[in-house]
Structure formats: C-alpha cells, structure tokens
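Structure data (PDB, C-alpha atoms and all ligand atoms) from final.pdb:
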ATOM      1  CA  MET M  19      65.420  31.912 -37.378  1.00  0.00           C
ATOM      2  CA  LYS M  20      67.132  28.699 -36.394  1.00  0.00           C
ATOM      3  CA  LEU M  21      67.594  29.813 -32.824  1.00  0.00           C
ATOM      4  CA  LEU M  22      63.981  30.812 -32.565  1.00  0.00           C
ATOM      5  CA  LEU M  23      62.881  27.487 -33.961  1.00  0.00           C
ATOM      6  CA  LEU M  24      65.091  25.594 -31.523  1.00  0.00           C
ATOM      7  CA  PHE M  25      63.684  27.582 -28.647  1.00  0.00           C
ATOM      8  CA  ALA M  26      60.166  26.880 -29.802  1.00  0.00           C
ATOM      9  CA  ILE M  27      60.834  23.147 -29.979  1.00  0.00           C
ATOM     10  CA  THR M  28      62.572  22.777 -26.649  1.00  0.00           C
ATOM     11  CA  GLY M  29      60.052  25.069 -25.022  1.00  0.00           C
ATOM     12  CA  ALA M  30      57.127  23.102 -26.391  1.00  0.00           C
ATOM     13  CA  PHE M  31      58.503  19.757 -25.229  1.00  0.00           C
ATOM     14  CA  ALA M  32      59.412  20.630 -21.685  1.00  0.00           C
ATOM     15  CA  ARG M  33      57.711  17.770 -19.889  1.00  0.00           C
ATOM     16  CA  THR M  34      59.241  14.367 -19.410  1.00  0.00           C
ATOM     17  CA  PHE M  35      56.798  11.476 -19.092  1.00  0.00           C
ATOM     18  CA  LYS M  36      57.848   8.029 -17.994  1.00  0.00           C
ATOM     19  CA  VAL M  37      55.687   4.927 -18.360  1.00  0.00           C
ATOM     20  CA  HIS M  38      56.866   2.014 -16.264  1.00  0.00           C
ATOM     21  CA  ASN M  39      55.366  -1.472 -16.379  1.00  0.00           C
ATOM     22  CA  SER M  40      55.593  -3.088 -12.936  1.00  0.00           C
ATOM     23  CA  CYS M  41      53.071  -5.750 -13.910  1.00  0.00           C
ATOM     24  CA  LYS M  42      54.249  -9.347 -14.181  1.00  0.00           C
ATOM     25  CA  PHE M  43      52.827  -9.453 -17.703  1.00  0.00           C
ATOM     26  CA  THR M  44      53.473  -7.625 -20.957  1.00  0.00           C
ATOM     27  CA  VAL M  45      51.220  -4.624 -21.550  1.00  0.00           C
ATOM     28  CA  TRP M  46      50.503  -3.020 -24.927  1.00  0.00           C
ATOM     29  CA  PRO M  47      50.054   0.632 -23.949  1.00  0.00           C
ATOM     30  CA  ALA M  48      48.456   3.207 -26.189  1.00  0.00           C
ATOM     31  CA  ILE M  49      48.563   6.998 -26.138  1.00  0.00           C
ATOM     32  CA  PHE M  50      45.629   8.985 -27.392  1.00  0.00           C
ATOM     33  CA  THR M  51      45.577  12.739 -27.950  1.00  0.00           C
ATOM     34  CA  ASP M  52      42.231  14.369 -28.626  1.00  0.00           C
ATOM     35  CA  LEU M  53      43.161  16.508 -31.620  1.00  0.00           C
ATOM     36  CA  ASN M  54      39.785  18.247 -31.430  1.00  0.00           C
ATOM     37  CA  VAL M  55      40.964  19.835 -28.196  1.00  0.00           C
ATOM     38  CA  ALA M  56      44.503  20.769 -29.248  1.00  0.00           C
ATOM     39  CA  PRO M  57      47.028  19.605 -31.846  1.00  0.00           C
ATOM     40  CA  ASN M  58      49.970  19.124 -29.467  1.00  0.00           C
ATOM     41  CA  ILE M  59      51.264  15.559 -29.425  1.00  0.00           C
ATOM     42  CA  PRO M  60      53.934  13.633 -27.463  1.00  0.00           C
ATOM     43  CA  ASN M  61      57.090  12.630 -29.344  1.00  0.00           C
ATOM     44  CA  HIS M  62      56.459   8.925 -28.895  1.00  0.00           C
ATOM     45  CA  PRO M  63      54.675   6.217 -30.887  1.00  0.00           C
ATOM     46  CA  THR M  64      50.995   5.905 -30.019  1.00  0.00           C
ATOM     47  CA  GLY M  65      51.378   2.200 -29.269  1.00  0.00           C
ATOM     48  CA  TRP M  66      54.218   0.014 -28.012  1.00  0.00           C
ATOM     49  CA  GLU M  67      55.102  -3.216 -26.251  1.00  0.00           C
ATOM     50  CA  ALA M  68      55.912  -2.811 -22.539  1.00  0.00           C
ATOM     51  CA  LYS M  69      57.573  -5.929 -21.188  1.00  0.00           C
ATOM     52  CA  PRO M  70      57.433  -6.608 -17.427  1.00  0.00           C
ATOM     53  CA  GLY M  71      59.814  -4.250 -15.611  1.00  0.00           C
ATOM     54  CA  SER M  72      60.408  -2.041 -18.660  1.00  0.00           C
ATOM     55  CA  SER M  73      60.158   1.750 -18.856  1.00  0.00           C
ATOM     56  CA  VAL M  74      59.959   4.290 -21.632  1.00  0.00           C
ATOM     57  CA  THR M  75      60.626   7.997 -21.263  1.00  0.00           C
ATOM     58  CA  PHE M  76      59.450  10.579 -23.754  1.00  0.00           C
ATOM     59  CA  HIS M  77      58.537  14.233 -24.078  1.00  0.00           C
ATOM     60  CA  VAL M  78      55.103  15.763 -23.915  1.00  0.00           C
ATOM     61  CA  PRO M  79      54.255  19.352 -24.849  1.00  0.00           C
ATOM     62  CA  ASP M  80      53.559  21.640 -21.908  1.00  0.00           C
ATOM     63  CA  ASN M  81      50.133  22.235 -23.397  1.00  0.00           C
ATOM     64  CA  TRP M  82      49.186  18.600 -24.129  1.00  0.00           C
ATOM     65  CA  LYS M  83      45.391  18.532 -23.923  1.00  0.00           C
ATOM     66  CA  ALA M  84      43.046  15.644 -23.263  1.00  0.00           C
ATOM     67  CA  GLY M  85      45.741  13.010 -23.447  1.00  0.00           C
ATOM     68  CA  ARG M  86      45.180   9.441 -22.300  1.00  0.00           C
ATOM     69  CA  ILE M  87      47.392   6.396 -21.758  1.00  0.00           C
ATOM     70  CA  TRP M  88      46.100   2.870 -21.146  1.00  0.00           C
ATOM     71  CA  GLY M  89      46.815  -0.793 -21.892  1.00  0.00           C
ATOM     72  CA  VAL M  90      44.185  -2.519 -24.097  1.00  0.00           C
ATOM     73  CA  PRO M  91      40.522  -1.476 -23.607  1.00  0.00           C
ATOM     74  CA  PRO M  92      38.255  -1.773 -21.684  1.00  0.00           C
ATOM     75  CA  ALA M  93      40.837  -0.519 -19.329  1.00  0.00           C
ATOM     76  CA  THR M  94      42.005   1.598 -16.495  1.00  0.00           C
ATOM     77  CA  VAL M  95      42.952   4.927 -18.113  1.00  0.00           C
ATOM     78  CA  ALA M  96      45.419   7.648 -17.100  1.00  0.00           C
ATOM     79  CA  GLU M  97      44.345  11.101 -18.290  1.00  0.00           C
ATOM     80  CA  TRP M  98      46.028  14.499 -18.508  1.00  0.00           C
ATOM     81  CA  THR M  99      45.052  17.991 -19.554  1.00  0.00           C
ATOM     82  CA  LEU M 100      48.094  20.197 -19.149  1.00  0.00           C
ATOM     83  CA  GLU M 101      48.050  23.993 -18.828  1.00  0.00           C
ATOM     84  CA  ALA M 102      44.280  24.121 -18.497  1.00  0.00           C
ATOM     85  CA  ASP M 103      41.880  26.234 -16.386  1.00  0.00           C
ATOM     86  CA  GLY M 104      43.591  28.380 -13.797  1.00  0.00           C
ATOM     87  CA  ASN M 105      46.986  27.518 -15.302  1.00  0.00           C
ATOM     88  CA  ARG M 106      46.757  24.047 -13.798  1.00  0.00           C
ATOM     89  CA  ASP M 107      47.577  20.560 -15.011  1.00  0.00           C
ATOM     90  CA  PHE M 108      44.641  18.186 -14.490  1.00  0.00           C
ATOM     91  CA  TYR M 109      45.224  14.446 -14.247  1.00  0.00           C
ATOM     92  CA  ASP M 110      43.447  11.350 -13.036  1.00  0.00           C
ATOM     93  CA  VAL M 111      43.251   7.580 -13.100  1.00  0.00           C
ATOM     94  CA  SER M 112      39.825   6.611 -14.420  1.00  0.00           C
ATOM     95  CA  LEU M 113      37.744   3.458 -14.034  1.00  0.00           C
ATOM     96  CA  VAL M 114      34.923   4.952 -16.081  1.00  0.00           C
ATOM     97  CA  ASP M 115      35.765   2.879 -19.158  1.00  0.00           C
ATOM     98  CA  GLY M 116      36.590  -0.241 -17.162  1.00  0.00           C
ATOM     99  CA  PHE M 117      39.377  -1.762 -15.127  1.00  0.00           C
ATOM    100  CA  ASN M 118      42.105  -4.137 -16.211  1.00  0.00           C
ATOM    101  CA  PHE M 119      45.066  -3.500 -13.913  1.00  0.00           C
ATOM    102  CA  PRO M 120      46.170  -1.019 -11.229  1.00  0.00           C
ATOM    103  CA  MET M 121      47.832   2.286 -12.168  1.00  0.00           C
ATOM    104  CA  ARG M 122      49.487   5.184 -10.420  1.00  0.00           C
ATOM    105  CA  ILE M 123      50.398   8.687 -11.616  1.00  0.00           C
ATOM    106  CA  THR M 124      53.172  10.407  -9.679  1.00  0.00           C
ATOM    107  CA  ASN M 125      55.124  13.574 -10.376  1.00  0.00           C
ATOM    108  CA  ASN M 126      58.356  15.235  -9.341  1.00  0.00           C
ATOM    109  CA  LYS M 127      56.793  18.390  -7.835  1.00  0.00           C
ATOM    110  CA  GLY M 128      55.008  17.028  -4.788  1.00  0.00           C
ATOM    111  CA  CYS M 129      51.562  17.297  -6.342  1.00  0.00           C
ATOM    112  CA  PRO M 130      48.999  14.660  -5.306  1.00  0.00           C
ATOM    113  CA  VAL M 131      49.190  11.063  -6.435  1.00  0.00           C
ATOM    114  CA  ALA M 132      46.344   9.764  -8.614  1.00  0.00           C
ATOM    115  CA  ASP M 133      45.960   6.021  -8.445  1.00  0.00           C
ATOM    116  CA  CYS M 134      43.985   2.842  -8.361  1.00  0.00           C
ATOM    117  CA  PRO M 135      46.512   0.663  -6.532  1.00  0.00           C
ATOM    118  CA  THR M 136      44.275  -2.364  -5.952  1.00  0.00           C
ATOM    119  CA  ASP M 137      43.611  -5.238  -8.320  1.00  0.00           C
ATOM    120  CA  LEU M 138      39.820  -5.051  -8.533  1.00  0.00           C
ATOM    121  CA  ASN M 139      39.369  -8.183 -10.632  1.00  0.00           C
ATOM    122  CA  PRO M 140      39.498 -10.932  -7.960  1.00  0.00           C
ATOM    123  CA  GLU M 141      36.622  -9.459  -5.910  1.00  0.00           C
ATOM    124  CA  CYS M 142      34.788  -7.890  -8.834  1.00  0.00           C
ATOM    125  CA  PRO M 143      31.004  -8.042  -8.240  1.00  0.00           C
ATOM    126  CA  SER M 144      29.752 -10.855 -10.460  1.00  0.00           C
ATOM    127  CA  PRO M 145      27.156  -8.791 -12.370  1.00  0.00           C
ATOM    128  CA  LEU M 146      29.988  -6.663 -13.676  1.00  0.00           C
ATOM    129  CA  ARG M 147      31.846  -9.696 -14.952  1.00  0.00           C
ATOM    130  CA  GLU M 148      29.161 -11.649 -16.663  1.00  0.00           C
ATOM    131  CA  PRO M 149      26.962 -11.077 -19.698  1.00  0.00           C
ATOM    132  CA  GLN M 150      23.589  -9.713 -18.732  1.00  0.00           C
ATOM    133  CA  ASP M 151      20.295 -11.461 -19.274  1.00  0.00           C
ATOM    134  CA  SER M 152      17.136  -9.663 -20.375  1.00  0.00           C
ATOM    135  CA  SER M 153      15.439  -9.829 -16.984  1.00  0.00           C
ATOM    136  CA  GLY M 154      18.365  -8.789 -14.882  1.00  0.00           C
ATOM    137  CA  ASN M 155      20.746  -5.964 -14.622  1.00  0.00           C
ATOM    138  CA  PRO M 156      21.123  -2.826 -16.707  1.00  0.00           C
ATOM    139  CA  GLU M 157      22.472  -3.561 -20.153  1.00  0.00           C
ATOM    140  CA  THR M 158      25.293  -1.173 -19.504  1.00  0.00           C
ATOM    141  CA  LEU M 159      26.814  -3.921 -17.364  1.00  0.00           C
ATOM    142  CA  GLN M 160      28.880  -5.981 -19.673  1.00  0.00           C
ATOM    143  CA  THR M 161      32.034  -7.961 -19.889  1.00  0.00           C
ATOM    144  CA  VAL M 162      33.997  -7.304 -23.002  1.00  0.00           C
ATOM    145  CA  ALA M 163      36.973  -9.496 -22.218  1.00  0.00           C
ATOM    146  CA  PRO M 164      37.714 -12.007 -19.453  1.00  0.00           C
ATOM    147  CA  GLY M 165      38.747 -10.320 -16.260  1.00  0.00           C
ATOM    148  CA  THR M 166      37.827  -6.851 -17.421  1.00  0.00           C
ATOM    149  CA  THR M 167      34.749  -4.826 -16.718  1.00  0.00           C
ATOM    150  CA  VAL M 168      32.955  -1.921 -18.292  1.00  0.00           C
ATOM    151  CA  LEU M 169      31.744   0.660 -15.826  1.00  0.00           C
ATOM    152  CA  ARG M 170      28.958   2.970 -16.797  1.00  0.00           C
ATOM    153  CA  LYS M 171      27.072   5.405 -14.675  1.00  0.00           C
ATOM    154  CA  PRO M 172      24.040   3.295 -13.678  1.00  0.00           C
ATOM    155  CA  VAL M 173      26.349   0.505 -12.628  1.00  0.00           C
ATOM    156  CA  LEU M 174      28.603   2.742 -10.745  1.00  0.00           C
ATOM    157  CA  LEU M 175      25.917   4.160  -8.577  1.00  0.00           C
ATOM    158  CA  ARG M 176      25.186   0.615  -7.477  1.00  0.00           C
ATOM    159  CA  TYR M 177      28.749  -0.618  -7.118  1.00  0.00           C
ATOM    160  CA  TYR M 178      30.381   2.703  -6.448  1.00  0.00           C
ATOM    161  CA  SER M 179      31.606   1.812  -2.973  1.00  0.00           C
ATOM    162  CA  TYR M 180      33.434  -1.282  -4.185  1.00  0.00           C
ATOM    163  CA  PHE M 181      35.471   0.787  -6.611  1.00  0.00           C
ATOM    164  CA  LYS M 182      35.836   3.882  -4.482  1.00  0.00           C
ATOM    165  CA  THR M 183      36.823   2.034  -1.314  1.00  0.00           C
ATOM    166  CA  ASN M 184      39.539   0.115  -3.097  1.00  0.00           C
ATOM    167  CA  CYS M 185      40.619   2.941  -5.359  1.00  0.00           C
ATOM    168  CA  ARG M 186      39.934   6.078  -3.401  1.00  0.00           C
ATOM    169  CA  ASN M 187      42.130   8.325  -5.578  1.00  0.00           C
ATOM    170  CA  ALA M 188      40.589   7.318  -8.906  1.00  0.00           C
ATOM    171  CA  TYR M 189      37.470   8.194 -10.892  1.00  0.00           C
ATOM    172  CA  ALA M 190      34.948   5.526  -9.897  1.00  0.00           C
ATOM    173  CA  TYR M 191      32.247   6.935 -12.171  1.00  0.00           C
ATOM    174  CA  ALA M 192      31.903   9.705 -14.702  1.00  0.00           C
ATOM    175  CA  TYR M 193      30.903  12.451 -12.263  1.00  0.00           C
ATOM    176  CA  ASP M 194      33.210  11.517  -9.433  1.00  0.00           C
ATOM    177  CA  GLU M 195      34.795  14.998  -9.121  1.00  0.00           C
ATOM    178  CA  SER M 196      32.410  15.578  -6.237  1.00  0.00           C
ATOM    179  CA  SER M 197      34.297  13.007  -4.153  1.00  0.00           C
ATOM    180  CA  GLY M 198      37.245  15.415  -4.079  1.00  0.00           C
ATOM    181  CA  THR M 199      39.587  12.460  -4.650  1.00  0.00           C
ATOM    182  CA  ALA M 200      39.148  11.768  -8.361  1.00  0.00           C
ATOM    183  CA  LEU M 201      40.527  14.693 -10.335  1.00  0.00           C
ATOM    184  CA  TRP M 202      43.922  16.042  -9.324  1.00  0.00           C
ATOM    185  CA  THR M 203      45.715  19.256 -10.191  1.00  0.00           C
ATOM    186  CA  CYS M 204      49.221  20.643 -10.185  1.00  0.00           C
ATOM    187  CA  ASP M 205      50.325  24.225 -10.802  1.00  0.00           C
ATOM    188  CA  ALA M 206      51.222  24.217 -14.510  1.00  0.00           C
ATOM    189  CA  GLY M 207      53.968  26.740 -13.776  1.00  0.00           C
ATOM    190  CA  LEU M 208      55.893  23.984 -11.982  1.00  0.00           C
ATOM    191  CA  LYS M 209      56.070  22.112 -15.298  1.00  0.00           C
ATOM    192  CA  ALA M 210      55.919  18.812 -13.482  1.00  0.00           C
ATOM    193  CA  ASN M 211      57.276  15.643 -15.034  1.00  0.00           C
ATOM    194  CA  TYR M 212      54.903  12.718 -14.653  1.00  0.00           C
ATOM    195  CA  THR M 213      55.442   9.005 -14.152  1.00  0.00           C
ATOM    196  CA  LEU M 214      52.730   6.463 -14.909  1.00  0.00           C
ATOM    197  CA  THR M 215      53.264   3.074 -13.283  1.00  0.00           C
ATOM    198  CA  PHE M 216      51.277  -0.027 -14.242  1.00  0.00           C
ATOM    199  CA  CYS M 217      50.685  -2.373 -11.265  1.00  0.00           C
ATOM    200  CA  PRO M 218      52.395  -0.006  -8.779  1.00  0.00           C
TER     201      PRO M 218
HETATM  202  C1  LIG K 301      61.872  16.970 -16.061  1.00  0.00           C
HETATM  203  O1  LIG K 301      62.785  15.960 -16.413  1.00  0.00           O
HETATM  204  C2  LIG K 301      63.853  16.431 -17.244  1.00  0.00           C
HETATM  205  C3  LIG K 301      64.648  15.212 -17.691  1.00  0.00           C
HETATM  206  O2  LIG K 301      65.019  14.439 -16.600  1.00  0.00           O
HETATM  207  C4  LIG K 301      64.671  17.426 -16.494  1.00  0.00           C
HETATM  208  O3  LIG K 301      65.710  17.925 -17.331  1.00  0.00           O
HETATM  209  C5  LIG K 301      63.785  18.584 -16.086  1.00  0.00           C
HETATM  210  O4  LIG K 301      64.510  19.480 -15.280  1.00  0.00           O
HETATM  211  C6  LIG K 301      62.572  18.063 -15.290  1.00  0.00           C
HETATM  212  N1  LIG K 301      61.661  19.173 -15.096  1.00  0.00           N
HETATM  213  C7  LIG K 301      61.321  19.627 -13.892  1.00  0.00           C
HETATM  214  C8  LIG K 301      60.444  20.832 -13.893  1.00  0.00           C
HETATM  215  O5  LIG K 301      61.667  19.102 -12.845  1.00  0.00           O
END
Please lay out the structure from this file as structure tokens.
Ligand SMILES: *[C@@H]1O[C@H](CO)[C@@H](O)[C@H](O)[C@H]1NC(C)=O
Amino acid sequence: MKLLLLFAITGAFARTFKVHNSCKFTVWPAIFTDLNVAPNIPNHPTGWEAKPGSSVTFHVPDNWKAGRIWGVPPATVAEWTLEADGNRDFYDVSLVDGFNFPMRITNNKGCPVADCPTDLNPECPSPLREPQDSSGNPETLQTVAPGTTVLRKPVLLRYYSYFKTNCRNAYAYAYDESSGTALWTCDAGLKANYTLTFCP
C-alpha cells in the first residue's frame, strides 16, 4: 500500500515549474487552478512575494488543467493546460486580461517559447490607458490601475497590431489562436518542465 501511494504521489507531481522574477521590482505572483476543470493542484502557495532576481521552484501535477500564473491583475497571464487534447500540453502568455509586465514561458524539451518580451506600457495607445468618456471609445476600454490596461475584444480588433507586433508570441485578443503564434503545444509524453520568467 505504501509503495503504491508513494508511486502515485511521485507520478502525479512529475513536472517542475520555476518562476523567476527578472523585473527590477517586487512582484506578488498568484497561481490559480480552475477546480471546475480538474482537481489537480501544484504543491505551492497560491500567492507569494517575488523579490527582484528571486526564483521559486515547485511541482505541478502532470495533469494540471487550466492553471494560470500572474502578478496582480489586470495583468499579463501565463496559462497551462497539461495533458490535454491529443496528449499535448497547451500553454500561452495572454494579454486578454491586460498587460502589466513582460513574461516568457520556456521549457526544457525544445518546445516553442511563449512570450510577450516587450514592455507595452510606454507606448500604450492612450485610449487604453485613460478612463473613457460617454461619447468616445467602447466602454470595454478602461484603466484599472496606473500603467496597466484591460484588453477586451472590441479594443483588440482596433489595437491588435500594436500588441501583436510587439508581442508576436502572445495572445493579443481572446480568439488569437488563428494567428498561429498565440497558443503553443508540447508533447505531454515529454513531461516538460516549464520556467516562467517575469521581465525576461
Ligand atoms: C524536470 O526537472 C526535475 C528536477 O530538476 C528533473 O528531475 C526531471 O528529470 C525533469 N524532467 C524532465 C522530463 O526533464
């Protein structure tokens, strides 16, 4: 019984995830697991303080589903669905909820890099930064916090090229799979370990 249990535990937690903060500022990352999709959770607190230059390493179940990591919303989000359709891991860096700082997802199996390596805030189109007036832009354009933006579909169609040109390998709007450079996959059989870097 004990041996079987041990096998089950080590087998379930085969992936190593590393989250490294290369930003010059402290980030408060959060991990979310959508328990409606599957009950498998990483063995790490759901929130922590990541000082500049710091890293944490933890284990994630091979079958972690609909997991997300980010630093304070509205934010750039890193997303994973492991062991999904076609026995593939799916992962992406998403700007759909907003952008706060650059991110990169790498792995140790040579699968593609997902990233938004550019700081989009300095050149951010002003309508995305500022509160909207009644006569102007769609109400889905809104600033929730200084220097951060919320990106919703109607906005994205208008400003898509700004985000996609600067962050080609990220989700620039909710249906960006069609770009071919938003959603990335890796053979789940490789059991890749993933590294998420803030401000790569
Ligand atoms: C993932 O990382 C762990 C810890 O460094 C290592 O033992 C394991 O072999 C790695 N897995 C793969 C598939 O490379």
Task: Selected residue, from M:Asn39, M:Thr124, M:Thr75, M:Asn139, that lies nearest to Tyr109 in chain M when counting all atoms listed in the file - done: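 Of M:Asn39, M:Thr124, M:Thr75, M:Asn139, the one nearest Tyr109 in chain M is M:Thr124, counting all atoms listed in the file.
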Open item on the list: Here is a test: counting all atoms listed in the file, which residue of M:Leu113, M:Ala102, M:Ala132, M:Ala32 is nearest to ligand LIG 301 (chain K)?
Closed with: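 Going through M:Leu113, M:Ala102, M:Ala132, M:Ala32 one by one, the smallest distance to ligand LIG 301 (chain K) is for M:Ala32.
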For ligand LIG 301 (chain K), what centre and edge lengths in Å (one decimal) does the axis-aligned box get once 8 Å is added on each side of all its listed atoms, as JSON?
{"center_x": 63.1, "center_y": 17.6, "center_z": -15.3, "size_x": 21.3, "size_y": 22.4, "size_z": 20.8}
Open item on the list: Using only C-alpha atoms for the distances, tell me which of M:Val45, M:Val78, M:Val131, M:Ala206 is nearest to Ile59 in chain M.
Closed with: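 Among M:Val45, M:Val78, M:Val131, M:Ala206, it is M:Val78 that comes nearest to Ile59 in chain M.
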- [ ] For ligand LIG 301 (chain K), list the contacting residues at 7 Å or closer, counting only C-alpha atoms and all ligand atoms, as a PyMOL selection string.
- [x] chain M and resi 33-34+126+208-211
Could you save those same residues with C-alpha atoms as a JSON list (two decimals), in the coordinates of the input?
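Output file out_26.json is given in full below:
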[["chain", "number", "residue", "atom", "x", "y", "z"],
["M", 33, "ARG", "CA", 57.71, 17.77, -19.89],
["M", 34, "THR", "CA", 59.24, 14.37, -19.41],
["M", 126, "ASN", "CA", 58.36, 15.24, -9.34],
["M", 208, "LEU", "CA", 55.89, 23.98, -11.98],
["M", 209, "LYS", "CA", 56.07, 22.11, -15.30],
["M", 210, "ALA", "CA", 55.92, 18.81, -13.48],
["M", 211, "ASN", "CA", 57.28, 15.64, -15.03]]
Open item on the list: Using only C-alpha atoms, which protein or nucleic acid residues come within 6 Å of range 84-89 of chain M? Drop anything in the same chain fewer than 6 positions from it, and give the result as a list in words.
Closed with: Val45, Trp46, Pro47, Ala48, Ile49, Phe50, Thr51, Asp52, Val95, Ala96, Glu97, Trp98 and Thr99 of chain M
Task: Separation of CA of Tyr191 in chain M from CA of Cys142 in chain M, in Å and rounded to one decimal - done: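 Separation of CA of Tyr191 in chain M and CA of Cys142 in chain M: 15.4 Å.
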Open item on the list: If I take CA of Lys36 in chain M and CA of Ser73 in chain M, how far is one from the other in Å, to one decimal?
Closed with: 6.7 Å
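You can rank M:Pro135, M:Gly128, M:Pro140, M:Pro218 by their closest distance to Thr203 in chain M using all atoms listed in the file, and at the top of that list sits M:Gly128.
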Task: Atomic separation - CA of Leu214 in chain M relative to CA of Val111 in chain M, Å - done: 9.7 Å
TODO: For Phe76 in chain M, work out the shell of residues within 10 Å, counting all atoms listed in the file and skipping chain neighbours fewer than 3 positions away, then give it as a ChimeraX atom specification.
DONE: /M:31,33-37,60-63
- [ ] Have a look at M:Thr136, M:Asn187, M:Ser144, M:Asn125 and name the one nearest to Tyr212 in chain M; count only C-alpha atoms.
- [x]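 Ranked by minimum distance to Tyr212 in chain M, first place goes to M:Asn125.
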Task: Selected residue, from M:Ala56, M:Val74, M:Cys41, M:Ala200, that lies nearest to Asn118 in chain M when counting only C-alpha atoms - done: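 Closest to Asn118 in chain M of all the choices is M:Cys41.
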